[in-house]
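Okay, structure first, notes after.
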Amino acid sequence: MTRRLTIRREAWPLAGAFTISRGSRTEAVVVVVELKQNGRIGRGECVPYPRYGETVENVITMIRDHEADLTAGLEREALRATMPAGAARNAIDCALWDLEAKLSGIPVVEAAGLTPPPPVTTAYTISLGTPEVMFAAAQKAKERPLLKVKLGGEGDEERIAAVREVAPQSVLIVDANEAWNEAGLAASVAACATAGVALIEQPLPSAHDDALRGTDFPVPICADESLHVAADLEKIRDRYDAVNIKLDKTGGLTEALATLKRAQELKFKVMIGCMVGTSLAMAPALLLTAEAAFVDLDAPLLLSRNRDPGLIYDGSIIRGYDSALWGGIA
């Protein structure tokens with residue numbers, strides 16, 4: 001068996017600035033892995049995330065370090081056992097799934113023992129800004145059924161109130177990206193409860209999770225930065241009600257499937273989320289959405305142009321994707 005590895009950095013302009021508590025960006029920078037074998041090419045995409053010490057350069061280096069094993073036929077479970085979770089492993093793992101599907105003629109959804117996902121509603125992100133800026137952004141998106149509101153600390157009560165005022169019918173989830181502190185936690189959660197928020201993601205830095213233990217909050221609390229792989233679930237079960245599973249954190253679909261299964265066993269609500277990438281990164285995650293209480297795969301909607309073929313969006317409804325994108329038998 002001989003495979004050929006290709007690694008590519010790509011930059012995809014955003015339709016506008018994407019801003020969270022840690023900063024702002026105007027493009028999505030991704031790393032694409034291609035594995036070619038017997039005339040077939042499997043692809044995977046990842047998004048290096050500085051919060052976890054990842055850069056495009058070190059992710060590419062990590063992938064390149066496994067080139068000899070990959071070209072010799074390294075399989076997914078061996079990859080999972082030898083490479084740490086994160087963006088680099090995600091791109092390889094998803095490329096291996098795609099390649100297997102194209103070599104075998106069995107789509108990934110079938111090989112993974114899943115059912116094809118039905119149309120699902122994705123959240124649509126309102127970036128962090130002043131209450132006035134967020135009011136204006138939410139006004140443009142007020143017809144969308146599910147909005148994800150980025151918050152950042154001081155002034156959040158006014159921000160969430162402004163979004164709720166202009167989008168009274170939308171289900172709201174908020175994401176603080178670790179920006180809150182213990183002193184202001186109760187007031188921030190209360191403001192979200194007043195606004196009818198359905199879920200709060202990662203209110204505190206992951207190192208301060210203990211402050212969430214044993215507290216009965218009026219809004220369910222979801223782990224994002226505090227949850228990477230299945231092994232993390234046991235230690236956070238007394239602190240969070242829900243978990244956000246992202247393939248760039250789990251290190252691919254293989255570990256994401258294990259994380260989803262264990263999360264269900266421990267009675268967590270599940271969100272299937274993403275980093276800011278293209279439809280190539282969303283397609284593997286979409287296969288998990290039938291089991292999710294919340295879906296947040298809106299990244300292609302934030303791009304000025306998307307990969308073609310890409311996910312099929314009808315407003316906020318994702319209706320699947322062309323098998324030529326990923327995971328089919330083309």
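Identifiers in this document derive from the order of the structure tokens: chains are assigned A, B, ..., residues are numbered from 1 separately in each chain, and ligands are numbered from 1 in order of occurrence.
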
Quiz item: range 103-329 of chain A: which residues are strand (DSSP E) by DSSP, as a PyMOL selection string?
Solution: chain A and resi 120-121+124-126+146-150+171-175+199-201+221-223+242-245+269-272+294-295+311-314+317-321

For the residues in that selection, give me N, CA and C atoms as a compact mmCIF listing (two decimals), in the first residue's frame.
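again07.txt was written with the following content:
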```
# COMPACT_ATOMS: atom_id res chain seq x y z
N VAL A 120 -31.28 19.96 9.57
CA VAL A 120 -31.12 20.47 10.93
C VAL A 120 -31.00 21.99 10.91
N THR A 121 -31.39 22.60 12.01
CA THR A 121 -31.28 24.05 12.16
C THR A 121 -29.96 24.38 12.85
N TYR A 124 -26.84 30.77 14.25
CA TYR A 124 -26.17 31.79 13.44
C TYR A 124 -25.52 32.76 14.42
N THR A 125 -24.24 33.04 14.22
CA THR A 125 -23.46 33.78 15.21
C THR A 125 -23.60 35.29 15.08
N ILE A 126 -23.85 35.93 16.21
CA ILE A 126 -23.78 37.39 16.34
C ILE A 126 -22.46 37.71 17.04
N LEU A 146 -32.44 30.40 15.48
CA LEU A 146 -31.47 30.15 16.55
C LEU A 146 -30.27 31.07 16.37
N LEU A 147 -30.02 31.92 17.35
CA LEU A 147 -28.89 32.84 17.31
C LEU A 147 -27.91 32.50 18.42
N LYS A 148 -26.62 32.54 18.07
CA LYS A 148 -25.56 32.35 19.06
C LYS A 148 -24.91 33.70 19.27
N VAL A 149 -24.98 34.20 20.49
CA VAL A 149 -24.55 35.56 20.81
C VAL A 149 -23.21 35.50 21.54
N LYS A 150 -22.20 36.10 20.94
CA LYS A 150 -20.88 36.14 21.57
C LYS A 150 -20.84 37.26 22.60
N VAL A 171 -34.60 31.63 19.39
CA VAL A 171 -33.95 30.97 20.52
C VAL A 171 -32.52 31.52 20.60
N LEU A 172 -32.10 31.88 21.82
CA LEU A 172 -30.77 32.45 22.00
C LEU A 172 -29.89 31.50 22.81
N ILE A 173 -28.66 31.31 22.33
CA ILE A 173 -27.61 30.72 23.15
C ILE A 173 -26.49 31.75 23.21
N VAL A 174 -25.79 31.79 24.31
CA VAL A 174 -24.69 32.75 24.44
C VAL A 174 -23.38 32.01 24.66
N ASP A 175 -22.31 32.63 24.22
CA ASP A 175 -20.98 32.05 24.35
C ASP A 175 -20.03 33.13 24.86
N LEU A 199 -29.12 28.45 26.63
CA LEU A 199 -27.88 27.77 26.95
C LEU A 199 -26.76 28.80 27.05
N ILE A 200 -25.84 28.59 28.01
CA ILE A 200 -24.66 29.44 28.17
C ILE A 200 -23.42 28.59 27.98
N GLU A 201 -22.60 28.96 27.00
CA GLU A 201 -21.36 28.23 26.75
C GLU A 201 -20.19 28.85 27.49
N ILE A 221 -25.62 25.19 31.56
CA ILE A 221 -24.25 25.61 31.27
C ILE A 221 -23.57 24.54 30.42
N CYS A 222 -22.91 24.99 29.35
CA CYS A 222 -22.30 24.09 28.37
C CYS A 222 -20.78 24.24 28.37
N ALA A 223 -20.07 23.13 28.39
CA ALA A 223 -18.61 23.14 28.30
C ALA A 223 -18.17 23.22 26.85
N ALA A 242 -24.22 20.47 29.63
CA ALA A 242 -24.11 20.18 28.20
C ALA A 242 -22.65 20.29 27.78
N VAL A 243 -22.36 19.74 26.61
CA VAL A 243 -20.99 19.81 26.08
C VAL A 243 -21.05 20.14 24.59
N ASN A 244 -20.06 20.91 24.15
CA ASN A 244 -19.93 21.27 22.74
C ASN A 244 -18.82 20.41 22.14
N ILE A 245 -19.20 19.50 21.26
CA ILE A 245 -18.25 18.60 20.61
C ILE A 245 -17.83 19.21 19.28
N LYS A 269 -26.54 17.08 27.66
CA LYS A 269 -27.04 17.59 26.41
C LYS A 269 -25.84 17.82 25.50
N VAL A 270 -26.05 17.69 24.19
CA VAL A 270 -24.94 17.79 23.25
C VAL A 270 -25.18 18.90 22.23
N MET A 271 -24.13 19.69 22.03
CA MET A 271 -24.07 20.61 20.91
C MET A 271 -22.98 20.11 19.97
N ILE A 272 -23.25 20.16 18.69
CA ILE A 272 -22.21 19.88 17.69
C ILE A 272 -21.78 21.22 17.12
N PHE A 294 -28.42 20.94 20.16
CA PHE A 294 -28.11 22.19 19.47
C PHE A 294 -27.07 21.91 18.39
N VAL A 295 -27.18 22.61 17.28
CA VAL A 295 -26.22 22.50 16.18
C VAL A 295 -25.68 23.89 15.90
N LEU A 311 -21.81 22.51 1.86
CA LEU A 311 -23.05 22.21 2.55
C LEU A 311 -24.19 22.98 1.90
N ILE A 312 -25.36 22.41 1.93
CA ILE A 312 -26.54 23.04 1.35
C ILE A 312 -27.31 23.74 2.46
N TYR A 313 -27.30 25.07 2.44
CA TYR A 313 -28.00 25.88 3.44
C TYR A 313 -29.26 26.47 2.82
N ASP A 314 -30.35 26.35 3.55
CA ASP A 314 -31.62 26.99 3.20
C ASP A 314 -31.97 27.88 4.37
N ILE A 317 -31.32 26.29 7.80
CA ILE A 317 -31.49 24.84 7.71
C ILE A 317 -30.37 24.26 6.85
N ILE A 318 -29.69 23.25 7.39
CA ILE A 318 -28.69 22.53 6.63
C ILE A 318 -29.35 21.27 6.08
N ARG A 319 -29.33 21.13 4.78
CA ARG A 319 -30.02 20.01 4.12
C ARG A 319 -29.05 18.97 3.56
N GLY A 320 -27.85 18.92 4.09
CA GLY A 320 -26.89 17.93 3.64
C GLY A 320 -25.84 18.52 2.73
N TYR A 321 -25.20 17.65 1.94
CA TYR A 321 -24.14 18.11 1.05
C TYR A 321 -23.93 17.09 -0.05
```

Exercise. Identify, on the basis of only C-alpha atoms, every residue whose closest approach to Ala195 in chain A does not exceed 7 Å; exclude the query and any residue fewer than 2 positions from it along the same chain; express the result as number ranges by chain.
Key: A: 160-161, 164, 191-193, 197

For N, CA, C and O atoms, I'd like the residues from the last selection saved as a PDB file, in the first residue's frame.
```pdb
ATOM      1  N   ILE A 160     -26.907  41.358  25.672  1.00  0.00           N
ATOM      2  CA  ILE A 160     -27.919  40.315  25.504  1.00  0.00           C
ATOM      3  C   ILE A 160     -29.319  40.907  25.485  1.00  0.00           C
ATOM      4  O   ILE A 160     -30.206  40.441  24.747  1.00  0.00           O
ATOM      5  N   ALA A 161     -29.530  41.963  26.252  1.00  0.00           N
ATOM      6  CA  ALA A 161     -30.841  42.635  26.232  1.00  0.00           C
ATOM      7  C   ALA A 161     -31.114  43.255  24.868  1.00  0.00           C
ATOM      8  O   ALA A 161     -32.252  43.214  24.356  1.00  0.00           O
ATOM      9  N   ARG A 164     -32.005  40.452  22.394  1.00  0.00           N
ATOM     10  CA  ARG A 164     -33.352  39.934  22.663  1.00  0.00           C
ATOM     11  C   ARG A 164     -34.420  40.926  22.217  1.00  0.00           C
ATOM     12  O   ARG A 164     -35.463  40.525  21.668  1.00  0.00           O
ATOM     13  N   ALA A 191     -28.946  37.766  33.991  1.00  0.00           N
ATOM     14  CA  ALA A 191     -29.301  38.575  32.823  1.00  0.00           C
ATOM     15  C   ALA A 191     -29.687  37.694  31.651  1.00  0.00           C
ATOM     16  O   ALA A 191     -30.612  38.010  30.892  1.00  0.00           O
ATOM     17  N   CYS A 192     -28.983  36.583  31.506  1.00  0.00           N
ATOM     18  CA  CYS A 192     -29.320  35.641  30.435  1.00  0.00           C
ATOM     19  C   CYS A 192     -30.672  34.987  30.694  1.00  0.00           C
ATOM     20  O   CYS A 192     -31.460  34.791  29.755  1.00  0.00           O
ATOM     21  N   ALA A 193     -30.935  34.656  31.944  1.00  0.00           N
ATOM     22  CA  ALA A 193     -32.232  34.071  32.278  1.00  0.00           C
ATOM     23  C   ALA A 193     -33.362  35.051  31.988  1.00  0.00           C
ATOM     24  O   ALA A 193     -34.411  34.678  31.443  1.00  0.00           O
ATOM     25  N   VAL A 197     -32.513  33.104  27.607  1.00  0.00           N
ATOM     26  CA  VAL A 197     -31.442  32.359  26.944  1.00  0.00           C
ATOM     27  C   VAL A 197     -31.585  30.865  27.244  1.00  0.00           C
ATOM     28  O   VAL A 197     -31.877  30.466  28.377  1.00  0.00           O
TER      29      VAL A 197
END
```

Practice problem: Point out the residue among A:Ser323, A:Ser24, A:Asn90, A:Thr82 with the least atom-to-atom distance to Thr250 in chain A, counting only C-alpha atoms. | Solution: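 Distance minimum relative to Thr250 in chain A lands on A:Asn90.
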
Quiz item: So, counting only C-alpha atoms, which residue among A:Ala141, A:Ala101, A:Ala112, A:Leu280 is closest to Thr254 in chain A?
Solution: A:Ala112

Quiz prompt | Residues within 10 Å of Ser279 in chain A, only C-alpha atoms, excluding chain neighbours under 3 positions, as a list in words | solution = Glu45, Val276, Met282, Ala283, Pro284, Ala285, Leu286, Leu297, Asp298, Ala299, Pro300, Leu301, Asn306, Arg307, Asp308, Pro309, Gly310, Leu311, Ile312, Tyr321, Leu325 and Trp326 of chain A

Practice problem: Would you list, as a ChimeraX atom specification, the residues of range 71-152 of chain A that end up in helix (DSSP H, G or I) under DSSP run on this structure's backbone? | Solution: /A:71,76-82,87-104,108-111,131-141

Dump of N, CA and C atoms for the selected residues, as a short mmCIF file (atom, residue, chain, number, x, y, z; two decimals), in the first residue's frame:
```cif
data_model
loop_
_atom_site.label_atom_id
_atom_site.label_comp_id
_atom_site.auth_asym_id
_atom_site.auth_seq_id
_atom_site.Cartn_x
_atom_site.Cartn_y
_atom_site.Cartn_z
N THR A 71 1.92 7.33 4.68
CA THR A 71 2.17 6.78 3.35
C THR A 71 2.32 5.26 3.40
N ARG A 76 -6.93 4.75 11.19
CA ARG A 76 -7.48 5.75 12.12
C ARG A 76 -7.26 5.40 13.59
N GLU A 77 -7.47 4.17 13.97
CA GLU A 77 -7.32 3.83 15.39
C GLU A 77 -5.86 3.94 15.84
N ALA A 78 -4.96 3.58 14.96
CA ALA A 78 -3.53 3.74 15.29
C ALA A 78 -3.18 5.21 15.39
N LEU A 79 -3.74 6.01 14.51
CA LEU A 79 -3.54 7.47 14.58
C LEU A 79 -4.04 8.01 15.90
N ARG A 80 -5.23 7.59 16.29
CA ARG A 80 -5.84 8.05 17.55
C ARG A 80 -4.98 7.68 18.75
N ALA A 81 -4.30 6.55 18.67
CA ALA A 81 -3.48 6.08 19.79
C ALA A 81 -2.12 6.76 19.86
N THR A 82 -1.65 7.29 18.73
CA THR A 82 -0.27 7.79 18.70
C THR A 82 -0.15 9.30 18.54
N ALA A 87 -6.21 19.91 16.10
CA ALA A 87 -6.49 20.21 14.70
C ALA A 87 -5.74 19.29 13.74
N ALA A 88 -4.46 19.05 13.99
CA ALA A 88 -3.66 18.24 13.07
C ALA A 88 -4.25 16.85 12.91
N ARG A 89 -4.57 16.23 14.03
CA ARG A 89 -5.14 14.88 13.95
C ARG A 89 -6.51 14.90 13.29
N ASN A 90 -7.27 15.96 13.50
CA ASN A 90 -8.58 16.06 12.87
C ASN A 90 -8.48 16.00 11.35
N ALA A 91 -7.58 16.80 10.78
CA ALA A 91 -7.45 16.83 9.33
C ALA A 91 -7.07 15.46 8.78
N ILE A 92 -6.15 14.77 9.46
CA ILE A 92 -5.73 13.45 9.00
C ILE A 92 -6.86 12.44 9.15
N ASP A 93 -7.49 12.43 10.32
CA ASP A 93 -8.55 11.47 10.60
C ASP A 93 -9.68 11.59 9.58
N CYS A 94 -10.10 12.83 9.30
CA CYS A 94 -11.20 13.02 8.35
C CYS A 94 -10.77 12.66 6.93
N ALA A 95 -9.51 12.90 6.58
CA ALA A 95 -9.01 12.48 5.27
C ALA A 95 -9.01 10.96 5.15
N LEU A 96 -8.68 10.28 6.25
CA LEU A 96 -8.69 8.82 6.23
C LEU A 96 -10.11 8.28 6.07
N TRP A 97 -11.07 8.85 6.77
CA TRP A 97 -12.47 8.44 6.60
C TRP A 97 -12.90 8.62 5.15
N ASP A 98 -12.58 9.79 4.59
CA ASP A 98 -12.98 10.09 3.21
C ASP A 98 -12.32 9.12 2.23
N LEU A 99 -11.04 8.87 2.44
CA LEU A 99 -10.32 7.95 1.56
C LEU A 99 -10.90 6.54 1.64
N GLU A 100 -11.19 6.08 2.86
CA GLU A 100 -11.78 4.75 3.03
C GLU A 100 -13.10 4.62 2.28
N ALA A 101 -13.91 5.68 2.35
CA ALA A 101 -15.20 5.65 1.66
C ALA A 101 -15.01 5.53 0.15
N LYS A 102 -14.04 6.26 -0.36
CA LYS A 102 -13.84 6.26 -1.81
C LYS A 102 -13.19 4.98 -2.31
N LEU A 103 -12.38 4.35 -1.47
CA LEU A 103 -11.77 3.09 -1.86
C LEU A 103 -12.74 1.92 -1.73
N SER A 104 -13.60 1.97 -0.74
CA SER A 104 -14.51 0.84 -0.46
C SER A 104 -15.85 0.95 -1.16
N VAL A 108 -19.20 7.22 4.41
CA VAL A 108 -18.81 7.31 5.82
C VAL A 108 -19.99 7.11 6.74
N VAL A 109 -21.12 7.71 6.41
CA VAL A 109 -22.29 7.61 7.30
C VAL A 109 -22.66 6.15 7.54
N GLU A 110 -22.51 5.32 6.52
CA GLU A 110 -22.81 3.89 6.66
C GLU A 110 -21.69 3.17 7.39
N ALA A 111 -20.45 3.47 7.04
CA ALA A 111 -19.32 2.81 7.68
C ALA A 111 -19.25 3.10 9.17
N PRO A 131 -23.38 47.06 22.39
CA PRO A 131 -24.81 46.71 22.29
C PRO A 131 -25.45 47.24 21.01
N GLU A 132 -25.04 48.44 20.59
CA GLU A 132 -25.62 49.03 19.38
C GLU A 132 -25.24 48.23 18.13
N VAL A 133 -23.97 47.84 18.05
CA VAL A 133 -23.50 47.06 16.90
C VAL A 133 -24.17 45.69 16.88
N MET A 134 -24.32 45.06 18.05
CA MET A 134 -24.94 43.75 18.12
C MET A 134 -26.44 43.84 17.84
N PHE A 135 -27.07 44.93 18.24
CA PHE A 135 -28.48 45.17 17.92
C PHE A 135 -28.66 45.20 16.41
N ALA A 136 -27.78 45.93 15.73
CA ALA A 136 -27.87 46.05 14.27
C ALA A 136 -27.63 44.70 13.59
N ALA A 137 -26.66 43.94 14.09
CA ALA A 137 -26.38 42.63 13.50
C ALA A 137 -27.54 41.67 13.71
N ALA A 138 -28.11 41.70 14.91
CA ALA A 138 -29.23 40.82 15.20
C ALA A 138 -30.48 41.22 14.41
N GLN A 139 -30.61 42.50 14.14
CA GLN A 139 -31.75 42.95 13.34
C GLN A 139 -31.74 42.32 11.96
N LYS A 140 -30.55 42.17 11.37
CA LYS A 140 -30.43 41.55 10.06
C LYS A 140 -30.70 40.04 10.12
N ALA A 141 -30.53 39.46 11.31
CA ALA A 141 -30.67 38.01 11.46
C ALA A 141 -31.90 37.62 12.27
#
```

Exercise. Measuring atom to atom with only C-alpha atoms, identify which of A:Asn58, A:Thr2, A:Ser127, A:Gln202 is nearest to Thr26 in chain A.
Key: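 For Thr26 in chain A, the nearest of the candidates is A:Ser127.
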
Practice problem: May I ask which of the residues A:Glu10, A:Glu225, A:Glu143, A:Asp210 is the closest one to Ala167 in chain A, counting only C-alpha atoms? | Solution: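 Result for the nearest residue to Ala167 in chain A: A:Glu143.
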
Self-check item: Point-to-point distance in Å for CA of Phe268 in chain A and CA of Ser170 in chain A
Solution: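 Interatomic distance, CA of Ser170 in chain A to CA of Phe268 in chain A: 23.4 Å.
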
Practice problem: Give me, please, the distance in Å between CA of Glu255 in chain A and CA of Leu227 in chain A, quoted to one decimal. | Solution: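 Spanning CA of Glu255 in chain A to CA of Leu227 in chain A is a straight-line distance of 12.3 Å.
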
Practice problem: Could you jot down the CA of Ser226 in chain A to CA of Asp209 in chain A separation for me, Å, one decimal place? | Solution: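 These atoms are spaced 7.9 Å apart.
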
Quiz item: Pick from A:Leu204, A:Ala72, A:Met83, A:Ala28: nearest to Asn181 in chain A, with only C-alpha atoms counted?
Solution: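 Among the listed residues, A:Leu204 lies closest to Asn181 in chain A.
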